[in-house]
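**Q** The following file, start.txt, comprises compact mmCIF, N, CA and C atoms:
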```
# COMPACT_ATOMS: atom_id res chain seq x y z
N VAL A 195 -29.93 3.50 -10.26
CA VAL A 195 -28.68 2.91 -10.72
C VAL A 195 -27.57 3.36 -9.78
N SER A 196 -26.83 2.41 -9.26
CA SER A 196 -25.75 2.70 -8.32
C SER A 196 -24.51 3.15 -9.07
N THR A 197 -23.80 4.12 -8.51
CA THR A 197 -22.55 4.59 -9.11
C THR A 197 -21.35 3.99 -8.40
N GLN A 198 -21.57 3.12 -7.41
CA GLN A 198 -20.46 2.50 -6.70
C GLN A 198 -19.80 1.45 -7.57
N SER A 199 -18.47 1.39 -7.50
CA SER A 199 -17.76 0.35 -8.23
C SER A 199 -17.86 -0.96 -7.46
N THR A 200 -17.55 -2.04 -8.15
CA THR A 200 -17.55 -3.35 -7.50
C THR A 200 -16.56 -3.36 -6.34
N TRP A 201 -15.41 -2.71 -6.54
CA TRP A 201 -14.39 -2.64 -5.49
C TRP A 201 -14.96 -1.96 -4.25
N ASP A 202 -15.65 -0.82 -4.41
CA ASP A 202 -16.22 -0.10 -3.26
C ASP A 202 -17.24 -0.96 -2.52
N ILE A 203 -18.05 -1.68 -3.27
CA ILE A 203 -19.06 -2.52 -2.64
C ILE A 203 -18.40 -3.64 -1.84
N LYS A 204 -17.36 -4.26 -2.40
CA LYS A 204 -16.66 -5.32 -1.68
C LYS A 204 -15.94 -4.77 -0.46
N MET A 205 -15.38 -3.56 -0.56
CA MET A 205 -14.66 -2.97 0.57
C MET A 205 -15.60 -2.64 1.71
N GLU A 206 -16.88 -2.35 1.42
CA GLU A 206 -17.84 -2.07 2.49
C GLU A 206 -17.99 -3.27 3.41
N LYS A 207 -17.80 -4.46 2.88
CA LYS A 207 -17.93 -5.67 3.68
C LYS A 207 -16.83 -5.77 4.73
N VAL A 208 -15.65 -5.19 4.46
CA VAL A 208 -14.54 -5.27 5.41
C VAL A 208 -14.31 -3.94 6.10
N ASP A 209 -15.16 -2.96 5.85
CA ASP A 209 -15.00 -1.64 6.44
C ASP A 209 -15.18 -1.70 7.95
N GLN A 210 -14.35 -0.95 8.65
CA GLN A 210 -14.42 -0.87 10.10
C GLN A 210 -14.37 0.60 10.48
N SER A 211 -14.64 0.90 11.73
CA SER A 211 -14.61 2.29 12.16
C SER A 211 -13.17 2.81 12.14
N ASN A 212 -13.02 4.11 11.91
CA ASN A 212 -11.68 4.72 11.89
C ASN A 212 -10.95 4.51 13.20
N ASP A 213 -11.65 4.61 14.32
CA ASP A 213 -11.01 4.43 15.62
C ASP A 213 -10.44 3.03 15.77
N GLU A 214 -11.19 2.03 15.32
CA GLU A 214 -10.72 0.64 15.42
C GLU A 214 -9.49 0.42 14.55
N ILE A 215 -9.52 0.98 13.35
CA ILE A 215 -8.39 0.83 12.43
C ILE A 215 -7.18 1.58 12.94
N LEU A 216 -7.37 2.82 13.41
CA LEU A 216 -6.25 3.58 13.95
C LEU A 216 -5.65 2.92 15.18
N SER A 217 -6.47 2.25 15.97
CA SER A 217 -5.95 1.56 17.16
C SER A 217 -5.04 0.40 16.76
N ARG A 218 -5.23 -0.12 15.57
CA ARG A 218 -4.33 -1.16 15.05
C ARG A 218 -3.08 -0.56 14.41
N GLY A 219 -3.04 0.76 14.30
CA GLY A 219 -1.86 1.42 13.76
C GLY A 219 -1.87 1.63 12.27
N ILE A 220 -3.02 1.53 11.63
CA ILE A 220 -3.10 1.74 10.18
C ILE A 220 -3.47 3.19 9.92
N TYR A 221 -2.65 3.87 9.12
CA TYR A 221 -2.88 5.28 8.83
C TYR A 221 -3.54 5.49 7.47
N GLU A 222 -3.06 4.76 6.46
CA GLU A 222 -3.55 5.00 5.10
C GLU A 222 -3.37 3.75 4.26
N PHE A 223 -4.32 3.50 3.36
CA PHE A 223 -4.26 2.36 2.45
C PHE A 223 -4.49 2.88 1.04
N LEU A 224 -3.61 2.49 0.11
CA LEU A 224 -3.70 2.94 -1.27
C LEU A 224 -3.52 1.77 -2.23
N ILE A 225 -4.15 1.88 -3.39
CA ILE A 225 -3.92 0.94 -4.48
C ILE A 225 -3.60 1.77 -5.72
N PHE A 226 -2.47 1.43 -6.36
CA PHE A 226 -2.05 2.12 -7.58
C PHE A 226 -2.08 1.15 -8.75
N SER A 227 -2.34 1.70 -9.93
CA SER A 227 -2.23 0.90 -11.15
C SER A 227 -0.75 0.75 -11.49
N ARG A 228 -0.48 -0.01 -12.52
CA ARG A 228 0.90 -0.21 -12.98
C ARG A 228 1.56 1.11 -13.36
N THR A 229 0.77 2.05 -13.86
CA THR A 229 1.31 3.32 -14.33
C THR A 229 1.33 4.42 -13.27
N GLY A 230 0.85 4.11 -12.08
CA GLY A 230 0.89 5.09 -11.00
C GLY A 230 -0.42 5.81 -10.75
N GLN A 231 -1.46 5.45 -11.44
CA GLN A 231 -2.76 6.07 -11.21
C GLN A 231 -3.36 5.50 -9.92
N MET A 232 -3.83 6.37 -9.04
CA MET A 232 -4.46 5.91 -7.80
C MET A 232 -5.82 5.32 -8.14
N LEU A 233 -6.04 4.08 -7.73
CA LEU A 233 -7.31 3.40 -7.97
C LEU A 233 -8.20 3.42 -6.74
N TYR A 234 -7.58 3.43 -5.57
CA TYR A 234 -8.33 3.39 -4.32
C TYR A 234 -7.48 4.01 -3.23
N ARG A 235 -8.15 4.73 -2.31
CA ARG A 235 -7.43 5.35 -1.19
C ARG A 235 -8.37 5.53 -0.01
N VAL A 236 -7.86 5.17 1.17
CA VAL A 236 -8.56 5.44 2.41
C VAL A 236 -7.53 6.04 3.37
N ASP A 237 -7.83 7.23 3.88
CA ASP A 237 -6.96 7.89 4.85
C ASP A 237 -7.70 7.89 6.18
N TYR A 238 -7.18 7.12 7.12
CA TYR A 238 -7.85 7.01 8.42
C TYR A 238 -7.47 8.13 9.38
N THR A 239 -6.42 8.88 9.05
CA THR A 239 -5.99 9.96 9.94
C THR A 239 -6.74 11.25 9.65
N LYS A 240 -7.20 11.43 8.43
CA LYS A 240 -7.91 12.64 7.98
C LYS A 240 -7.04 13.90 8.11
N LYS A 241 -5.71 13.73 8.05
CA LYS A 241 -4.80 14.88 8.06
C LYS A 241 -4.31 15.11 6.64
N GLU A 242 -4.59 16.25 6.09
CA GLU A 242 -4.13 16.60 4.75
C GLU A 242 -3.04 17.66 4.90
N GLU A 243 -1.78 17.21 4.87
CA GLU A 243 -0.66 18.13 5.06
C GLU A 243 -0.16 18.72 3.75
N MET A 244 -0.53 18.13 2.62
CA MET A 244 -0.14 18.64 1.31
C MET A 244 -1.20 18.24 0.31
N PRO A 245 -1.21 18.85 -0.86
CA PRO A 245 -2.20 18.47 -1.87
C PRO A 245 -2.11 16.97 -2.19
N LEU A 246 -3.26 16.35 -2.36
CA LEU A 246 -3.31 14.91 -2.59
C LEU A 246 -2.50 14.50 -3.81
N SER A 247 -2.60 15.23 -4.90
CA SER A 247 -1.88 14.84 -6.13
C SER A 247 -0.37 14.82 -5.88
N HIS A 248 0.13 15.78 -5.12
CA HIS A 248 1.55 15.84 -4.80
C HIS A 248 1.95 14.66 -3.91
N ARG A 249 1.13 14.38 -2.92
CA ARG A 249 1.39 13.26 -2.00
C ARG A 249 1.43 11.93 -2.76
N LEU A 250 0.48 11.71 -3.67
CA LEU A 250 0.44 10.46 -4.43
C LEU A 250 1.67 10.31 -5.31
N LYS A 251 2.11 11.40 -5.94
CA LYS A 251 3.32 11.35 -6.77
C LYS A 251 4.54 11.00 -5.92
N LEU A 252 4.63 11.57 -4.72
CA LEU A 252 5.75 11.26 -3.83
C LEU A 252 5.74 9.80 -3.41
N ILE A 253 4.58 9.29 -3.03
CA ILE A 253 4.49 7.89 -2.59
C ILE A 253 4.84 6.95 -3.74
N PHE A 254 4.26 7.18 -4.92
CA PHE A 254 4.54 6.30 -6.05
C PHE A 254 6.00 6.39 -6.46
N GLY A 255 6.56 7.59 -6.47
CA GLY A 255 7.98 7.78 -6.80
C GLY A 255 8.90 7.08 -5.81
N LEU A 256 8.54 7.14 -4.54
CA LEU A 256 9.33 6.46 -3.51
C LEU A 256 9.31 4.95 -3.73
N ILE A 257 8.14 4.41 -4.03
CA ILE A 257 8.03 2.97 -4.29
C ILE A 257 8.88 2.59 -5.49
N TRP A 258 8.76 3.34 -6.56
CA TRP A 258 9.52 3.06 -7.78
C TRP A 258 11.02 3.11 -7.49
N SER A 259 11.46 4.12 -6.75
CA SER A 259 12.89 4.27 -6.43
C SER A 259 13.40 3.14 -5.55
N LEU A 260 12.63 2.77 -4.52
CA LEU A 260 13.07 1.70 -3.63
C LEU A 260 13.08 0.35 -4.34
N LYS A 261 12.13 0.11 -5.21
CA LYS A 261 12.15 -1.13 -6.00
C LYS A 261 13.38 -1.18 -6.89
N SER A 262 13.68 -0.07 -7.57
CA SER A 262 14.84 -0.01 -8.46
C SER A 262 16.13 -0.20 -7.68
N PHE A 263 16.23 0.45 -6.53
CA PHE A 263 17.43 0.34 -5.70
C PHE A 263 17.60 -1.09 -5.19
N SER A 264 16.52 -1.73 -4.79
CA SER A 264 16.59 -3.12 -4.31
C SER A 264 17.13 -4.04 -5.40
N LYS A 265 16.65 -3.87 -6.62
CA LYS A 265 17.12 -4.70 -7.73
C LYS A 265 18.57 -4.40 -8.06
N LEU A 266 18.96 -3.14 -7.98
CA LEU A 266 20.33 -2.74 -8.28
C LEU A 266 21.31 -3.36 -7.29
N MET A 267 20.93 -3.42 -6.04
CA MET A 267 21.81 -3.93 -4.99
C MET A 267 21.83 -5.46 -4.92
N ALA A 268 20.88 -6.13 -5.56
CA ALA A 268 20.83 -7.59 -5.52
C ALA A 268 21.88 -8.18 -6.45
N SER A 269 22.39 -9.34 -6.08
CA SER A 269 23.34 -10.03 -6.94
C SER A 269 22.61 -10.51 -8.20
N ASP A 270 23.37 -10.80 -9.25
CA ASP A 270 22.77 -11.19 -10.53
C ASP A 270 21.83 -12.37 -10.41
N GLU A 271 22.22 -13.39 -9.64
CA GLU A 271 21.37 -14.58 -9.54
C GLU A 271 20.12 -14.34 -8.71
N LYS A 272 20.08 -13.28 -7.92
CA LYS A 272 18.91 -13.03 -7.07
C LYS A 272 18.04 -11.87 -7.57
N LYS A 273 18.39 -11.25 -8.68
CA LYS A 273 17.62 -10.09 -9.18
C LYS A 273 16.18 -10.45 -9.47
N GLN A 274 15.94 -11.63 -10.00
CA GLN A 274 14.57 -12.04 -10.31
C GLN A 274 13.74 -12.26 -9.05
N MET A 275 14.39 -12.65 -7.97
CA MET A 275 13.69 -12.96 -6.72
C MET A 275 13.60 -11.74 -5.80
N GLN A 276 14.41 -10.71 -6.06
CA GLN A 276 14.47 -9.55 -5.18
C GLN A 276 13.19 -8.74 -5.27
N LYS A 277 12.62 -8.42 -4.12
CA LYS A 277 11.45 -7.55 -4.11
C LYS A 277 11.44 -6.70 -2.85
N PHE A 278 10.95 -5.51 -3.03
CA PHE A 278 10.83 -4.56 -1.93
C PHE A 278 9.49 -4.79 -1.26
N GLU A 279 9.47 -4.94 0.07
CA GLU A 279 8.21 -5.18 0.78
C GLU A 279 7.87 -4.10 1.80
N CYS A 280 8.86 -3.52 2.46
CA CYS A 280 8.54 -2.50 3.44
C CYS A 280 9.78 -1.69 3.80
N TYR A 281 9.54 -0.53 4.35
CA TYR A 281 10.63 0.25 4.92
C TYR A 281 10.09 1.01 6.11
N LYS A 282 11.01 1.43 6.98
CA LYS A 282 10.61 2.03 8.25
C LYS A 282 11.34 3.36 8.44
N THR A 283 10.63 4.35 8.96
CA THR A 283 11.24 5.61 9.36
C THR A 283 11.03 5.77 10.87
N ALA A 284 11.40 6.90 11.40
CA ALA A 284 11.19 7.15 12.83
C ALA A 284 9.71 7.30 13.17
N ASN A 285 8.88 7.64 12.18
CA ASN A 285 7.47 7.94 12.45
C ASN A 285 6.46 6.92 11.92
N TYR A 286 6.81 6.19 10.89
CA TYR A 286 5.84 5.28 10.28
C TYR A 286 6.56 4.16 9.54
N MET A 287 5.77 3.23 9.03
CA MET A 287 6.28 2.13 8.22
C MET A 287 5.42 2.03 6.97
N MET A 288 6.05 1.80 5.83
CA MET A 288 5.32 1.61 4.58
C MET A 288 5.46 0.15 4.16
N HIS A 289 4.31 -0.51 3.97
CA HIS A 289 4.26 -1.89 3.52
C HIS A 289 3.83 -1.89 2.07
N PHE A 290 4.42 -2.77 1.28
CA PHE A 290 4.19 -2.76 -0.16
C PHE A 290 3.99 -4.17 -0.67
N PHE A 291 2.98 -4.34 -1.52
CA PHE A 291 2.71 -5.63 -2.17
C PHE A 291 2.33 -5.34 -3.61
N GLU A 292 2.99 -6.03 -4.54
CA GLU A 292 2.71 -5.84 -5.97
C GLU A 292 2.37 -7.19 -6.60
N VAL A 293 1.34 -7.20 -7.42
CA VAL A 293 0.94 -8.41 -8.12
C VAL A 293 1.57 -8.42 -9.50
N PRO A 294 1.62 -9.57 -10.17
CA PRO A 294 2.27 -9.64 -11.49
C PRO A 294 1.72 -8.68 -12.54
N THR A 295 0.47 -8.26 -12.41
CA THR A 295 -0.10 -7.33 -13.39
C THR A 295 0.37 -5.90 -13.16
N GLY A 296 1.09 -5.66 -12.06
CA GLY A 296 1.59 -4.32 -11.76
C GLY A 296 0.75 -3.55 -10.77
N LEU A 297 -0.34 -4.11 -10.33
CA LEU A 297 -1.18 -3.47 -9.32
C LEU A 297 -0.39 -3.39 -8.02
N LYS A 298 -0.38 -2.20 -7.39
CA LYS A 298 0.43 -1.98 -6.20
C LYS A 298 -0.45 -1.63 -5.00
N PHE A 299 -0.27 -2.36 -3.91
CA PHE A 299 -0.98 -2.12 -2.66
C PHE A 299 0.01 -1.49 -1.69
N VAL A 300 -0.37 -0.37 -1.10
CA VAL A 300 0.50 0.36 -0.18
C VAL A 300 -0.26 0.59 1.12
N LEU A 301 0.40 0.32 2.24
CA LEU A 301 -0.21 0.51 3.55
C LEU A 301 0.77 1.28 4.41
N LEU A 302 0.33 2.42 4.93
CA LEU A 302 1.14 3.21 5.86
C LEU A 302 0.64 2.92 7.27
N THR A 303 1.56 2.54 8.16
CA THR A 303 1.18 2.15 9.51
C THR A 303 2.15 2.74 10.53
N LYS A 304 1.82 2.55 11.81
CA LYS A 304 2.78 2.89 12.86
C LYS A 304 3.95 1.91 12.72
N LYS A 305 5.06 2.24 13.35
CA LYS A 305 6.23 1.37 13.28
C LYS A 305 5.93 0.03 13.94
N THR A 306 6.30 -1.03 13.28
CA THR A 306 6.18 -2.37 13.85
C THR A 306 7.54 -3.05 13.76
N LYS A 307 7.70 -4.11 14.47
CA LYS A 307 8.98 -4.82 14.47
C LYS A 307 9.11 -5.77 13.29
N LYS A 308 8.03 -6.07 12.62
CA LYS A 308 8.08 -7.02 11.51
C LYS A 308 7.14 -6.57 10.40
N ARG A 309 7.20 -7.27 9.32
CA ARG A 309 6.38 -6.96 8.14
C ARG A 309 5.04 -7.68 8.21
N GLU A 310 4.31 -7.46 9.25
CA GLU A 310 3.08 -8.22 9.51
C GLU A 310 1.93 -7.91 8.56
N PHE A 311 1.97 -6.80 7.84
CA PHE A 311 0.84 -6.40 7.01
C PHE A 311 0.90 -6.90 5.58
N VAL A 312 2.06 -7.29 5.08
CA VAL A 312 2.16 -7.75 3.69
C VAL A 312 1.30 -9.00 3.46
N PRO A 313 1.34 -10.01 4.32
CA PRO A 313 0.43 -11.16 4.10
C PRO A 313 -1.05 -10.76 4.11
N SER A 314 -1.41 -9.76 4.90
CA SER A 314 -2.80 -9.29 4.92
C SER A 314 -3.18 -8.65 3.60
N MET A 315 -2.24 -7.91 2.99
CA MET A 315 -2.53 -7.29 1.69
C MET A 315 -2.64 -8.36 0.61
N GLU A 316 -1.83 -9.42 0.70
CA GLU A 316 -1.95 -10.53 -0.25
C GLU A 316 -3.32 -11.19 -0.13
N LEU A 317 -3.76 -11.41 1.09
CA LEU A 317 -5.07 -12.01 1.33
C LEU A 317 -6.19 -11.09 0.83
N LEU A 318 -6.06 -9.80 1.06
CA LEU A 318 -7.04 -8.83 0.57
C LEU A 318 -7.15 -8.90 -0.94
N TYR A 319 -6.02 -8.95 -1.61
CA TYR A 319 -6.02 -9.03 -3.07
C TYR A 319 -6.75 -10.30 -3.54
N VAL A 320 -6.40 -11.42 -2.95
CA VAL A 320 -6.96 -12.70 -3.38
C VAL A 320 -8.46 -12.78 -3.07
N SER A 321 -8.87 -12.34 -1.89
CA SER A 321 -10.26 -12.53 -1.48
C SER A 321 -11.21 -11.44 -1.96
N ILE A 322 -10.71 -10.25 -2.22
CA ILE A 322 -11.62 -9.16 -2.59
C ILE A 322 -11.41 -8.66 -4.00
N TYR A 323 -10.18 -8.46 -4.40
CA TYR A 323 -9.92 -7.83 -5.69
C TYR A 323 -10.10 -8.81 -6.86
N VAL A 324 -9.68 -10.04 -6.68
CA VAL A 324 -9.72 -11.02 -7.78
C VAL A 324 -11.14 -11.49 -8.02
```
Once more with this new file: its structure as structure tokens, please.
**A**
Amino acid sequence: VSTQSTWDIKMEKVDQSNDEILSRGIYEFLIFSRTGQMLYRVDYTKKEEMPLSHRLKLIFGLIWSLKSFSKLMASDEKKQMQKFECYKTANYMMHFFEVPTGLKFVLLTKKTKKREFVPSMELLYVSIYV
């Protein structure tokens, strides 16, 4: 009897070597539930600079804060349409995609000039998760 989840089995089909993924600039991929529970995580850098539980709380808290701030800054007529998709620092970029059920996809990458990874996360959700 296999202990692998359906998600793990489907992800094996799109799995690539760490070197190939890192060469594309992808550092880490996470999926969170609506409540902040980590459902899936792949770290391609293999650098653990802090305890995982602390890191996950920081990432989820940052997402929650940026989403709240985006809605706060939007005009009344655009609040329903306002959504946070990515942000950039001097060292990395965080891409974010959330589905109506509250499932959150997070991708940490090298800095890019555009939000090129959000459509890929949408496609991943539709083709693998659903």
**Q** So how far away is atom N of Thr239 of chain A from atom CA of Phe291 of chain A, in Å?
**A**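 Those two atoms sit 20.5 Å apart.
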**Q** Could you tell me how far atom CA of Arg235 of chain A lies from atom CA of Ser262 of chain A, in Å and to one decimal?
**A** 24.0 Å
**Q** Could you please determine the separation between atom CA of Lys277 of chain A and atom CA of Val236 of chain A in Å, to one decimal place?
**A** 24.7 Å
**Q** With a distance cut-off of 5 Å and only N, CA and C atoms, select the neighbouring residues of Phe226 of chain A, excluding the residue or stretch itself and same-chain residues fewer than 3 positions from it, and output the selection as number ranges by chain.
**A** A: 231-233, 297-298
**Q** Only N, CA and C atoms, please: the residues just picked out, written as an mmCIF file, in the coordinates of the input.
**A**
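The file below, again-v1.cif, is the result:
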```
data_model
loop_
_atom_site.group_PDB
_atom_site.id
_atom_site.type_symbol
_atom_site.label_atom_id
_atom_site.label_comp_id
_atom_site.auth_asym_id
_atom_site.auth_seq_id
_atom_site.Cartn_x
_atom_site.Cartn_y
_atom_site.Cartn_z
ATOM 1 N N GLN A 231 -1.460 5.450 -11.440
ATOM 2 C CA GLN A 231 -2.760 6.070 -11.210
ATOM 3 C C GLN A 231 -3.360 5.500 -9.920
ATOM 4 N N MET A 232 -3.830 6.370 -9.040
ATOM 5 C CA MET A 232 -4.460 5.910 -7.800
ATOM 6 C C MET A 232 -5.820 5.320 -8.140
ATOM 7 N N LEU A 233 -6.040 4.080 -7.730
ATOM 8 C CA LEU A 233 -7.310 3.400 -7.970
ATOM 9 C C LEU A 233 -8.200 3.420 -6.740
ATOM 10 N N LEU A 297 -0.340 -4.110 -10.330
ATOM 11 C CA LEU A 297 -1.180 -3.470 -9.320
ATOM 12 C C LEU A 297 -0.390 -3.390 -8.020
ATOM 13 N N LYS A 298 -0.380 -2.200 -7.390
ATOM 14 C CA LYS A 298 0.430 -1.980 -6.200
ATOM 15 C C LYS A 298 -0.450 -1.630 -5.000
#
```
**Q** Would you please work out which residue, of A:Asn285, A:Ser247, A:Ser264, A:Ser227, is nearest to Phe299 of chain A when using all atoms listed in the file?
**A**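 Result for the nearest residue to Phe299 of chain A: A:Ser227.
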**Q** Based on DSSP run over this structure's backbone, return all residues of segment 245-324 of chain A in alpha helix (DSSP H), as a list in words.
**A**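 Result set for segment 245-324 of chain A (alpha helix (DSSP H)): Leu246, Ser247, His248, Arg249, Leu250, Lys251, Leu252, Ile253, Phe254, Gly255, Leu256, Ile257, Trp258, Ser259, Leu260, Lys261, Ser262, Phe263, Ser264, Lys265, Leu266, Met267, Val312, Pro313, Ser314, Met315, Glu316, Leu317 and Leu318 of chain A.
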